[in-house]
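S.K.: start.txt (compact mmCIF, C-alpha atoms) pasted underneath:
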# COMPACT_ATOMS: atom_id res chain seq x y z
CA MET A 1 -18.61 -5.44 44.48
CA SER A 2 -18.08 -8.58 42.42
CA SER A 3 -19.11 -9.10 38.81
CA THR A 4 -21.96 -11.29 40.04
CA SER A 5 -23.47 -8.27 41.82
CA ILE A 6 -23.73 -6.20 38.63
CA GLN A 7 -27.35 -5.29 38.05
CA VAL A 8 -27.99 -5.69 34.33
CA LEU A 9 -30.92 -3.59 33.15
CA TYR A 10 -30.74 -4.38 29.42
CA GLU A 11 -28.61 -6.67 27.31
CA ASP A 12 -28.51 -8.03 23.78
CA ASN A 13 -25.73 -8.95 21.34
CA HIS A 14 -24.84 -5.29 20.80
CA LEU A 15 -25.45 -3.36 24.02
CA ILE A 16 -25.46 -3.77 27.78
CA ALA A 17 -26.87 -1.32 30.36
CA VAL A 18 -26.19 -1.61 34.07
CA ASN A 19 -27.17 0.23 37.25
CA LYS A 20 -24.06 1.98 38.59
CA VAL A 21 -23.84 2.54 42.33
CA GLY A 22 -22.82 5.98 43.55
CA GLY A 23 -19.12 6.26 44.38
CA LEU A 24 -17.97 3.89 41.64
CA LEU A 25 -15.93 5.24 38.71
CA VAL A 26 -17.20 4.43 35.22
CA GLN A 27 -13.65 4.26 33.87
CA GLY A 28 -10.19 4.59 35.35
CA ASP A 29 -8.57 7.80 36.55
CA LYS A 30 -5.43 8.77 38.47
CA THR A 31 -6.79 7.22 41.68
CA GLY A 32 -6.40 3.71 40.30
CA ASP A 33 -9.68 2.71 41.96
CA SER A 34 -11.76 -0.15 40.57
CA THR A 35 -14.21 0.78 37.83
CA LEU A 36 -17.57 -0.16 36.43
CA ILE A 37 -15.85 -1.13 33.17
CA ASP A 38 -13.78 -3.73 35.03
CA LEU A 39 -16.87 -5.20 36.65
CA VAL A 40 -18.91 -5.38 33.45
CA LYS A 41 -16.00 -6.95 31.53
CA ALA A 42 -15.66 -9.56 34.28
CA TYR A 43 -19.41 -10.23 34.07
CA LEU A 44 -19.18 -10.79 30.30
CA VAL A 45 -16.17 -13.09 30.59
CA ASN A 46 -17.76 -15.14 33.37
CA THR A 47 -21.24 -15.29 31.88
CA TYR A 48 -20.23 -16.23 28.34
CA ASN A 49 -16.93 -18.04 29.08
CA LYS A 50 -15.06 -15.62 26.85
CA PRO A 51 -11.36 -16.32 26.30
CA GLY A 52 -9.20 -13.35 27.18
CA GLU A 53 -10.67 -9.90 27.72
CA ALA A 54 -14.18 -8.95 26.60
CA PHE A 55 -14.69 -5.95 24.33
CA LEU A 56 -16.58 -3.15 26.04
CA GLY A 57 -17.00 0.29 24.49
CA VAL A 58 -17.72 3.36 26.60
CA ILE A 59 -20.64 5.29 25.08
CA HIS A 60 -21.19 7.82 27.87
CA ARG A 61 -20.35 8.41 31.52
CA ILE A 62 -22.03 9.66 34.67
CA ASP A 63 -20.23 11.32 37.59
CA ARG A 64 -18.63 9.18 40.25
CA PRO A 65 -21.02 10.17 43.10
CA THR A 66 -24.04 9.74 40.80
CA SER A 67 -25.90 6.44 40.46
CA GLY A 68 -28.06 4.97 37.73
CA ILE A 69 -28.02 3.78 34.14
CA VAL A 70 -24.79 3.44 32.19
CA LEU A 71 -24.87 2.03 28.67
CA PHE A 72 -21.95 0.20 27.02
CA ALA A 73 -21.37 -1.27 23.56
CA LYS A 74 -20.46 -4.93 23.19
CA THR A 75 -19.22 -4.53 19.59
CA SER A 76 -17.19 -1.89 17.76
CA LYS A 77 -20.02 -1.40 15.25
CA ALA A 78 -22.51 -0.67 18.02
CA LEU A 79 -20.01 1.70 19.67
CA THR A 80 -19.51 3.74 16.50
CA ARG A 81 -23.25 4.01 15.86
CA MET A 82 -24.14 4.82 19.49
CA ASN A 83 -21.42 7.49 19.64
CA ALA A 84 -23.11 9.15 16.66
CA ILE A 85 -26.55 8.85 18.26
CA PHE A 86 -25.31 10.49 21.47
CA SER A 87 -23.31 13.22 19.70
CA GLU A 88 -26.35 14.10 17.58
CA ARG A 89 -28.46 14.29 20.78
CA GLN A 90 -30.87 11.62 19.62
CA VAL A 91 -31.09 10.21 23.14
CA GLN A 92 -33.69 11.17 25.74
CA LYS A 93 -31.94 11.27 29.12
CA THR A 94 -33.99 11.58 32.30
CA TYR A 95 -32.51 12.04 35.77
CA HIS A 96 -34.12 12.16 39.20
CA ALA A 97 -32.72 14.34 41.95
CA LEU A 98 -33.40 15.49 45.49
CA VAL A 99 -32.44 19.13 45.88
CA GLU A 100 -32.25 21.31 48.95
CA GLY A 101 -35.17 23.62 49.72
CA HIS A 102 -38.53 24.10 48.02
CA VAL A 103 -38.37 24.80 44.29
CA SER A 104 -41.04 27.40 43.53
CA SER A 105 -41.66 26.52 39.86
CA THR A 106 -43.55 23.33 39.07
CA SER A 107 -41.56 23.08 35.84
CA GLU A 108 -38.86 25.20 34.22
CA THR A 109 -36.17 25.21 31.56
CA LEU A 110 -32.75 26.38 32.71
CA THR A 111 -30.15 27.82 30.34
CA HIS A 112 -26.67 28.73 31.52
CA TYR A 113 -23.17 29.05 30.16
CA LEU A 114 -20.87 26.59 31.90
CA LEU A 115 -17.18 27.19 32.35
CA ARG A 116 -15.24 24.08 33.29
CA LYS A 117 -12.20 24.41 35.55
CA PRO A 118 -10.30 21.08 35.33
CA ALA A 119 -7.94 21.94 38.20
CA LEU A 120 -10.97 22.07 40.52
CA ASN A 121 -12.92 19.34 38.70
CA LYS A 122 -15.85 21.74 38.76
CA SER A 123 -18.04 23.73 36.38
CA PHE A 124 -19.34 27.24 37.04
CA ALA A 125 -22.69 28.44 35.69
CA TYR A 126 -23.14 31.94 34.28
CA GLN A 127 -26.27 33.71 33.01
CA LYS A 128 -24.37 35.20 30.08
CA GLU A 129 -21.67 33.77 27.85
CA VAL A 130 -18.11 34.08 29.14
CA GLU A 131 -14.85 33.16 27.46
CA ASN A 132 -14.49 29.39 26.87
CA SER A 133 -17.95 28.68 28.28
CA LYS A 134 -20.44 26.28 26.70
CA LYS A 135 -24.21 26.67 26.53
CA ALA A 136 -26.09 24.23 28.79
CA SER A 137 -29.82 23.56 28.90
CA LEU A 138 -32.09 21.31 30.92
CA SER A 139 -35.76 21.12 31.90
CA PHE A 140 -37.14 19.96 35.22
CA THR A 141 -40.51 19.05 36.67
CA VAL A 142 -41.30 18.88 40.38
CA LEU A 143 -42.48 15.39 41.31
CA LYS A 144 -42.89 15.92 45.05
CA GLN A 145 -42.23 18.45 47.81
CA LEU A 146 -40.80 17.17 51.08
CA ASP A 147 -40.12 19.00 54.34
CA ARG A 148 -36.64 20.23 53.40
CA TYR A 149 -36.15 18.92 49.87
CA THR A 150 -37.76 18.86 46.43
CA TYR A 151 -37.87 15.75 44.26
CA LEU A 152 -37.26 16.58 40.59
CA SER A 153 -37.41 14.84 37.24
CA ILE A 154 -34.83 16.35 34.87
CA GLU A 155 -34.38 16.12 31.12
CA LEU A 156 -30.98 17.01 29.70
CA HIS A 157 -30.86 18.94 26.42
CA THR A 158 -27.07 19.18 26.39
CA GLY A 159 -24.38 17.05 27.98
CA ARG A 160 -21.89 19.28 29.78
CA HIS A 161 -19.46 18.53 32.60
CA HIS A 162 -21.37 18.43 35.93
CA GLN A 163 -24.22 20.18 34.14
CA ILE A 164 -27.14 19.21 36.37
CA ARG A 165 -25.14 19.77 39.53
CA ALA A 166 -23.90 23.21 38.46
CA GLN A 167 -27.21 24.46 37.03
CA LEU A 168 -29.32 23.42 40.03
CA ALA A 169 -26.77 24.95 42.39
CA ALA A 170 -26.93 28.19 40.39
CA LEU A 171 -30.71 28.12 40.86
CA GLY A 172 -30.10 28.03 44.63
CA HIS A 173 -31.05 24.37 45.04
CA PRO A 174 -27.93 22.17 45.22
CA ILE A 175 -28.40 18.42 45.06
CA LYS A 176 -28.64 16.71 48.44
CA GLY A 177 -25.20 15.57 49.57
CA ASP A 178 -23.31 17.50 46.87
CA LEU A 179 -20.79 19.44 48.97
CA LYS A 180 -18.79 20.43 45.87
CA TYR A 181 -21.77 22.47 44.65
CA GLY A 182 -22.92 23.95 47.93
CA ALA A 183 -24.99 21.31 49.74
CA LYS A 184 -25.20 21.94 53.48
CA ARG A 185 -24.03 18.46 54.45
CA SER A 186 -22.83 15.24 52.88
CA ASN A 187 -24.77 11.98 52.73
CA THR A 188 -23.54 9.25 55.05
CA ASN A 189 -22.57 7.08 52.06
CA GLY A 190 -20.65 9.87 50.32
CA GLN A 191 -22.98 9.74 47.31
CA ILE A 192 -25.20 12.50 45.99
CA ASP A 193 -28.93 12.24 45.32
CA LEU A 194 -28.73 12.36 41.54
CA VAL A 195 -29.81 9.31 39.55
CA ALA A 196 -29.59 8.58 35.83
CA GLN A 197 -33.17 7.30 35.74
CA SER A 198 -33.92 6.46 32.11
CA LEU A 199 -32.57 6.36 28.56
CA ARG A 200 -34.61 6.25 25.36
CA PHE A 201 -33.01 5.87 21.93
CA GLU A 202 -33.22 4.02 18.62
CA HIS A 203 -31.29 0.74 18.66
CA PRO A 204 -28.19 1.11 16.45
CA VAL A 205 -28.75 -2.23 14.69
CA LYS A 206 -32.37 -3.28 15.22
CA LYS A 207 -33.70 0.24 14.56
CA GLU A 208 -36.38 -0.13 17.23
CA THR A 209 -36.98 2.14 20.22
CA VAL A 210 -35.17 1.08 23.37
CA HIS A 211 -36.39 2.44 26.71
CA ILE A 212 -34.30 1.56 29.76
CA GLU A 213 -35.64 2.69 33.12
CA LEU A 214 -34.83 2.11 36.78
CA LYS A 215 -37.75 0.67 38.69
CA GLU A 216 -36.45 0.95 42.23
CA MET A 217 -35.59 4.05 44.25
CA ASN A 218 -31.87 4.90 44.27
CA LEU A 219 -32.21 8.05 46.36
CA SER A 220 -31.25 8.22 50.02
CA ILE A 221 -34.73 9.29 51.17
CA ALA A 222 -37.64 6.92 50.61
CA LEU A 223 -40.37 8.90 48.90
CA LYS A 224 -43.71 7.69 50.20
If you took the structure in this file and wrote it as structure tokens, what would it be?
M.R.:
Amino acid sequence: MSSTSIQVLYEDNHLIAVNKVGGLLVQGDKTGDSTLIDLVKAYLVNTYNKPGEAFLGVIHRIDRPTSGIVLFAKTSKALTRMNAIFSERQVQKTYHALVEGHVSSTSETLTHYLLRKPALNKSFAYQKEVENSKKASLSFTVLKQLDRYTYLSIELHTGRHHQIRAQLAALGHPIKGDLKYGAKRSNTNGQIDLVAQSLRFEHPVKKETVHIELKEMNLSIALK
């Protein structure tokens, strides 16, 4: 993927939001693979003829196999203010997911205690608090039932490691393609059917509501 193929969803002098493809790292890790940060920086340098390296602040991340909206700060002031907005949970985050099986509830709020195990790069969901666990909460609504899958809209109330993946797996409905959390088979592209679908927040400088939303379908099954 070249910088010219970055899909910019929102941009002003302070912020830029792009549509990350599944399988791409947001920022570097021990693999040394190319990252979304590298691509967005290259886009900024090329688009605005910036000398040297462009500033780009990481506000949040989504998992490597997940696709969808990632928001960055173009200035240090915007980064500081957006970090506060995210830490104070003043952001409405909506995800879409295809999960295995038929989910019986039309809508539900899930609360678990997640224990992260870094050596496995995995989180485990418990009904009751265990040592070093963190409370995790999300709500989902069923958008459509398919033959073998259920299409969900999910709102995050907390932001824990692999939260959606772990909580839905604990419910008995792992995300399509997510072998790490119990899916029956992988997707051919190695991605999972979890999409960061929308973000809504107050702009850190303009103080107006910003709503960024994906218009096209990122999931592997076309929902007709």
S.K.: Considering only C-alpha atoms, return as a PDB file with C-alpha atoms, in the frame of the given file whatever protein or nucleic-acid residues lie within 7 Å of His173 in chain A, sequence-local ones (same chain, fewer than 3 positions apart) excluded.
M.R.:
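For reference, selection_25.pdb as written:
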ATOM      1  CA  VAL A  99     -32.440  19.130  45.880  1.00  0.00           C
ATOM      2  CA  GLU A 100     -32.250  21.310  48.950  1.00  0.00           C
ATOM      3  CA  GLY A 101     -35.170  23.620  49.720  1.00  0.00           C
ATOM      4  CA  LEU A 168     -29.320  23.420  40.030  1.00  0.00           C
ATOM      5  CA  ALA A 169     -26.770  24.950  42.390  1.00  0.00           C
TER       6      ALA A 169
END
S.K.: Using all atoms listed in the file, I'd like a table of the residues in range 183-202 of chain A that come within 10 Å of range 154-157 of chain A; for each, show the closest atom pair and its distance in Å rounded to one decimal, ordered by chain and ascending number, as a tab-separated table.
M.R.:
residue	atom	partner	partner_atom	distance
A:Leu194	CA	A:Ile154	CA	9.9
A:Val195	CA	A:Ile154	CA	9.8
A:Ala196	CA	A:Ile154	CA	9.4
A:Gln197	CA	A:Ile154	CA	9.2
A:Ser198	CA	A:Glu155	CA	9.7
S.K.: Choose the residue, out of A:His96, A:Lys117, A:Lys206, A:His112, that has the smallest atom-to-atom separation from Asp12 in chain A; count all atoms listed in the file.
M.R.: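 Selected residue with least distance to Asp12 in chain A: A:Lys206.
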S.K.: What is the distance between CA of Gln145 in chain A and CA of Lys176 in chain A, in Å to one decimal?
M.R.: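 These atoms are spaced 13.7 Å apart.
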S.K.: A:Glu202, A:Asp147, A:Glu208, A:Asp63: which is nearest Gln163 in chain A, counting all atoms listed in the file?
M.R.: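 Result for the nearest residue to Gln163 in chain A: A:Asp63.
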S.K.: Between A:Lys215, A:Lys41, A:Arg64, A:Lys135, single out the one closest to Leu24 in chain A, counting all atoms listed in the file.
M.R.: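 For Leu24 in chain A, the nearest of the candidates is A:Arg64.
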S.K.: Residues near Val58 in chain A, anyone? I mean within 12 Å using all atoms listed in the file, not counting same-chain ones fewer than 5 positions away, as number ranges by chain.
M.R.: A: 15-17, 26-28, 36-38, 40-41, 70-76, 78-80, 82-83, 86
S.K.: Could you tell me, as JSON, numbers by chain, which residues have any atom at most 6 Å from (-30.0, 1.5, 35.6), counting only C-alpha atoms?
M.R.: {"A": [9, 18, 19, 68, 69, 214]}
S.K.: Just to confirm, what's the straight-line distance from CA of Leu98 in chain A to CA of Leu219 in chain A in Å (one decimal)?
M.R.: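 Interatomic distance here is 7.6 Å.
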S.K.: I'd like to know which of A:Ala97, A:Leu39, A:Ala183, A:Leu25 is closest to Gln7 in chain A, using all atoms listed in the file.
M.R.: A:Leu39
S.K.: Using CA of Gly159 in chain A and CA of Ala136 in chain A as the two end points, give the distance in Å to one decimal.
M.R.: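 The value is 7.4 Å.
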S.K.: Measuring between all atoms listed in the file, which one of A:Asn13, A:Thr109, A:Thr35, A:Ser123 shows the shortest distance to Val205 in chain A?
M.R.: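 Under the stated criterion, the closest residue is A:Asn13.
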S.K.: I'd like the neighbourhood of Leu114 in chain A as a short mmCIF file (atom, residue, chain, number, x, y, z; two decimals) with C-alpha atoms, in the frame of the given file, where a residue qualifies if any of its atoms comes within 10 Å (using all atoms listed in the file), though same-chain residues fewer than 3 positions away should be ignored.
M.R.:
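The file below, selection36.cif, is the result:
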data_model
loop_
_atom_site.label_atom_id
_atom_site.label_comp_id
_atom_site.auth_asym_id
_atom_site.auth_seq_id
_atom_site.Cartn_x
_atom_site.Cartn_y
_atom_site.Cartn_z
CA THR A 111 -30.15 27.82 30.34
CA LYS A 117 -12.20 24.41 35.55
CA LYS A 122 -15.85 21.74 38.76
CA SER A 123 -18.04 23.73 36.38
CA PHE A 124 -19.34 27.24 37.04
CA ALA A 125 -22.69 28.44 35.69
CA TYR A 126 -23.14 31.94 34.28
CA GLN A 127 -26.27 33.71 33.01
CA LYS A 128 -24.37 35.20 30.08
CA GLU A 129 -21.67 33.77 27.85
CA VAL A 130 -18.11 34.08 29.14
CA GLU A 131 -14.85 33.16 27.46
CA ASN A 132 -14.49 29.39 26.87
CA SER A 133 -17.95 28.68 28.28
CA LYS A 134 -20.44 26.28 26.70
CA LYS A 135 -24.21 26.67 26.53
CA ALA A 136 -26.09 24.23 28.79
CA SER A 137 -29.82 23.56 28.90
CA ARG A 160 -21.89 19.28 29.78
CA HIS A 161 -19.46 18.53 32.60
CA HIS A 162 -21.37 18.43 35.93
CA GLN A 163 -24.22 20.18 34.14
CA ALA A 166 -23.90 23.21 38.46
CA GLN A 167 -27.21 24.46 37.03
#
S.K.: From the list A:Thr150, A:Ser67, A:Thr141, A:Ser5, which residue is nearest Gly190 in chain A when using all atoms listed in the file?
M.R.: A:Ser67
S.K.: Give the padded box for range 27-33 of chain A as AutoDock Vina command-line options: axis-aligned, covering all atoms listed in the file, 8 Å on each side, centre and edge lengths in Å to one decimal.
M.R.:
--center_x -9.5 --center_y 5.7 --center_z 37.9 --size_x 24.2 --size_y 22.1 --size_z 24.1
